[in-house]
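> Here it is, the structure in full.
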Amino acid sequence: MKKVLKWIGIVLGLVIGLVLVAGFAMSLIGNSRLNKTYDFPPSDLVLPTDEASLELGKHRVESLCAGCHGQDLSGIEQWFNAGPLGTIDSANLTSGEGGVGATYTTGDFVNAIRHGIDAKGKPIFMPAVYSTSYLSDEELGAIIAYLNTLPPVDHKTNGKNFTPLAKIMFVAGMLPPLPVEVVSHETHVDSVPAGPTAEYGKYMVDTHDCRLCHGQNLNGGPFPDPTITKISPNLTPGGEVAFWSEEDFINTIRTGVTPGGRELDPEFMPWKDYAKFYDDELKAIYAYLKTVPKLPQYTE
């Protein structure tokens with residue numbers, strides 16, 4: 001009996017040892033991916049200076065950036081806090097102390113927004129890059145031009161701080177890939193004519209995180225934050241939106257209340273940011289949603 005227990009102990013010890021070695025190796029691989037350096041061809045983007053472009057940039061920043069970087073764009077501490085996985089502070093975009101605006105060139109901003117890397121070429125954990133990589137040269141230039149006009153705000157943030165567990169889960173495919181690993185990395189993106197059209201609606205959907213939260217096919221899905229267990233609703237003609245009129249859709253985004261009286265939770269649906277969209281932008285999104293394939297609600 002003692003020999004049996006001894007061998008059981010040896011086997012368990014070997015198994016535990018192998019698990020620890022594998023975990024350590026996966027943590028190193030994860031750390032390597034998080035610190036890999038990338039280099040993409042420059043876009044040579046020329047920033048506009050006219051008032052109309054700056055107003056467009058301000059408009060886009062209000063709906064795309066403020067939700068994660070704060071209303072003054074100085075960053076939010078523990079913007080992402082997943083306990084044992086670690087924390088992420090969103091960046092200070094201004095030129096104040098601790099802000100990237102003090103040192104970022106136009107090319108650095110392009111790399112961050114379109115490619116998902118910082119000024120040193122290392123990945124940034126900014127899920128919005130899945131969407132902002134689709135921004136046209138015109139709108140990307142307007143955004144950067146507006147960011148350059150921001151008043152400085154002194155606020156030092158701490159970037160990303162992932163635990164070994166997070167790195168292991170990342171390598172195991174249990175966490176989403178880094179944006180830099182999956183976006184298209186186009187050097188130039190053509191403009192789409194603005195207006196209440198399905199074509200422009202697709203552009204708005206592609207650039208504003210709709211697919212990030214509602215799934216690539218817009219029929220719902222898990223949120224990009226692995227700590228959120230909710231499933232987002234179906235936006236295709238197979239879901240509730242199919243029964244809304246254009247006016248219903250616009251009122252829902254403007255007020256955060258659906259035609260049936262259900263209140264949208266701003267923690268999961270940033271309707272307060274999207275409420276700033278122009279009427280034509282909301283009409284365009286509605287027009288596009290009417291054209292996508294009818295699909296059943298994603299359930300896992």
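Every chain in the structure tokens takes a letter, A first, then B, and so on in the order presented; its residues are numbered from 1, and the ligands are numbered from 1 following the presented order.
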Determine which residues of region 28-109 of chain A DSSP labels as helix (DSSP H, G or I) from the backbone of this structure, then write them out as an MDAnalysis selection string.
chainID A and resid 28:34 51:64 66:69 83:85 100:102 106:109
> Have a look at CA of Asp137 (chain A) and CA of Val189 (chain A) and let me know their distance in Å, one decimal.
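Taking CA of Asp137 (chain A) and CA of Val189 (chain A), their separation equals 5.5 Å.
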> Please identify all polymer residues within 7 Å of Asn219 (chain A), counting only C-alpha atoms, omitting same-chain residues fewer than 6 positions from it, and present them as number ranges by chain.
A: 233-236, 295-298
> Thr132 (chain A): which residues within 7 Å, counting only C-alpha atoms, same-chain residues fewer than 3 positions away excluded, as a short mmCIF file (atom, residue, chain, number, x, y, z; two decimals) with C-alpha atoms, in the first residue's frame?

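around_33.cif, freshly written:
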data_model
loop_
_atom_site.label_atom_id
_atom_site.label_comp_id
_atom_site.auth_asym_id
_atom_site.auth_seq_id
_atom_site.Cartn_x
_atom_site.Cartn_y
_atom_site.Cartn_z
CA ILE A 113 -5.77 54.27 -34.22
CA ARG A 114 -5.39 52.29 -37.46
CA ALA A 128 -11.72 50.02 -30.58
CA VAL A 129 -8.92 49.47 -33.13
CA LEU A 135 -11.71 55.04 -40.59
CA THR A 207 -16.14 52.29 -37.50
#
> Region 63-65 of chain A: which residues within 8 Å, counting only C-alpha atoms, same-chain residues fewer than 4 positions away excluded, as a list in words?
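Non-adjacent residues within range: His59, His69, Gly70, Leu73, His208, Asp273, Tyr274, Lys276 and Phe277 of chain A.
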> For each of A:Leu56, A:Ala284, A:Ile88, A:Val46, take the minimum atom-to-atom distance to Pro196 (chain A), counting only C-alpha atoms, then give the residue where this is smallest.
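With only C-alpha atoms as the atom set, the closest residue is A:Ala284.
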> Return the single residue from A:Tyr146, A:Ile285, A:Pro226, A:Lys294 that is closest to Glu51 (chain A), with distances computed using only C-alpha atoms.
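Selected residue with least distance to Glu51 (chain A): A:Tyr146.
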> Could you list, as a list in words, every residue within 10 Å of region 260-270 of chain A, counting only C-alpha atoms and ignoring same-chain residues fewer than 4 positions away?
Ser63, Leu64, Gly67, Asp209, Cys210, Cys213, Phe223, Ile228, Lys230, Ser232, Glu240, Trp244, Asp248, Thr252, Ile253, Thr255, Gly256, Tyr274 and Ala275 of chain A
> Which of region 81-133 of chain A end up as strand (DSSP E or B) when DSSP is run on this backbone - answer as a list in words?
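Put together, the selection reads Asn81, Gly86, Thr87, Ile88, Asn92, Gly99, Ile117 and Pro123 of chain A.
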> Near region 174-180 of chain A, counting only C-alpha atoms, which residues have an atom at most 10 Å away, once you skip same-chain residues fewer than 6 positions from it, shown as a JSON list (two decimals) with N, CA and C atoms, in the first residue's frame?

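Heads up, here's the output in part-v2.json:
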[["chain", "number", "residue", "atom", "x", "y", "z"],
["A", 33, "ARG", "N", 4.36, 38.04, -27.10],
["A", 33, "ARG", "CA", 3.37, 38.60, -28.03],
["A", 33, "ARG", "C", 2.97, 40.01, -27.63],
["A", 34, "LEU", "N", 2.87, 40.24, -26.33],
["A", 34, "LEU", "CA", 2.47, 41.56, -25.84],
["A", 34, "LEU", "C", 3.56, 42.61, -26.06],
["A", 38, "TYR", "N", 6.18, 45.97, -34.06],
["A", 38, "TYR", "CA", 5.65, 45.96, -35.42],
["A", 38, "TYR", "C", 6.08, 47.22, -36.16],
["A", 111, "ASN", "N", -0.68, 55.08, -36.28],
["A", 111, "ASN", "CA", -0.32, 53.72, -35.87],
["A", 111, "ASN", "C", -1.20, 53.22, -34.73],
["A", 112, "ALA", "N", -1.51, 54.09, -33.79],
["A", 112, "ALA", "CA", -2.35, 53.69, -32.66],
["A", 112, "ALA", "C", -3.78, 53.42, -33.10],
["A", 114, "ARG", "N", -5.16, 53.17, -36.31],
["A", 114, "ARG", "CA", -5.39, 52.29, -37.46],
["A", 114, "ARG", "C", -4.73, 50.92, -37.31],
["A", 115, "HIS", "N", -3.60, 50.86, -36.59],
["A", 115, "HIS", "CA", -2.84, 49.62, -36.51],
["A", 115, "HIS", "C", -2.78, 48.99, -35.11],
["A", 116, "GLY", "N", -3.04, 49.76, -34.07],
["A", 116, "GLY", "CA", -3.03, 49.19, -32.73],
["A", 116, "GLY", "C", -1.66, 49.04, -32.11],
["A", 117, "ILE", "N", -0.74, 49.97, -32.41],
["A", 117, "ILE", "CA", 0.59, 49.94, -31.80],
["A", 117, "ILE", "C", 0.93, 51.32, -31.24],
["A", 122, "LYS", "N", 4.93, 48.72, -30.23],
["A", 122, "LYS", "CA", 4.41, 47.60, -29.43],
["A", 122, "LYS", "C", 2.88, 47.64, -29.37],
["A", 123, "PRO", "N", 2.23, 46.48, -29.22],
["A", 123, "PRO", "CA", 0.77, 46.44, -29.22],
["A", 123, "PRO", "C", 0.15, 47.26, -28.09],
["A", 124, "ILE", "N", -0.96, 47.90, -28.39],
["A", 124, "ILE", "CA", -1.77, 48.53, -27.35],
["A", 124, "ILE", "C", -3.06, 47.73, -27.24],
["A", 125, "PHE", "N", -3.57, 47.66, -26.03],
["A", 125, "PHE", "CA", -4.80, 46.90, -25.83],
["A", 125, "PHE", "C", -5.97, 47.87, -25.91],
["A", 126, "MET", "N", -6.33, 48.23, -27.16],
["A", 126, "MET", "CA", -7.43, 49.16, -27.41],
["A", 126, "MET", "C", -8.41, 48.45, -28.34],
["A", 127, "PRO", "N", -9.42, 47.78, -27.79],
["A", 127, "PRO", "CA", -10.36, 47.03, -28.62],
["A", 127, "PRO", "C", -10.98, 47.85, -29.75],
["A", 128, "ALA", "N", -11.09, 49.17, -29.56],
["A", 128, "ALA", "CA", -11.72, 50.02, -30.58],
["A", 128, "ALA", "C", -10.96, 49.97, -31.91],
["A", 129, "VAL", "N", -9.70, 49.54, -31.89],
["A", 129, "VAL", "CA", -8.92, 49.47, -33.13],
["A", 129, "VAL", "C", -9.58, 48.53, -34.13],
["A", 130, "TYR", "N", -10.29, 47.52, -33.64],
["A", 130, "TYR", "CA", -11.04, 46.64, -34.55],
["A", 130, "TYR", "C", -11.96, 47.47, -35.45],
["A", 131, "SER", "N", -12.45, 48.59, -34.91],
["A", 131, "SER", "CA", -13.36, 49.47, -35.66],
["A", 131, "SER", "C", -12.63, 50.66, -36.28],
["A", 133, "SER", "N", -9.77, 51.00, -37.33],
["A", 133, "SER", "CA", -8.90, 50.68, -38.48],
["A", 133, "SER", "C", -9.63, 50.92, -39.80],
["A", 166, "ALA", "N", -3.42, 35.94, -17.01],
["A", 166, "ALA", "CA", -3.98, 36.55, -18.22],
["A", 166, "ALA", "C", -3.15, 36.17, -19.44],
["A", 167, "LYS", "N", -1.83, 36.15, -19.28],
["A", 167, "LYS", "CA", -0.95, 35.81, -20.40],
["A", 167, "LYS", "C", -1.14, 34.35, -20.81],
["A", 168, "ILE", "N", -1.33, 33.47, -19.83],
["A", 168, "ILE", "CA", -1.57, 32.06, -20.12],
["A", 168, "ILE", "C", -2.90, 31.90, -20.87],
["A", 224, "PRO", "N", -16.66, 41.84, -25.87],
["A", 224, "PRO", "CA", -15.21, 41.65, -25.95],
["A", 224, "PRO", "C", -14.56, 41.54, -24.57],
["A", 225, "ASP", "N", -15.19, 42.11, -23.55],
["A", 225, "ASP", "CA", -14.70, 42.00, -22.18],
["A", 225, "ASP", "C", -15.07, 40.62, -21.64],
["A", 226, "PRO", "N", -14.08, 39.75, -21.38],
["A", 226, "PRO", "CA", -14.40, 38.38, -20.95],
["A", 226, "PRO", "C", -15.07, 38.30, -19.59]]
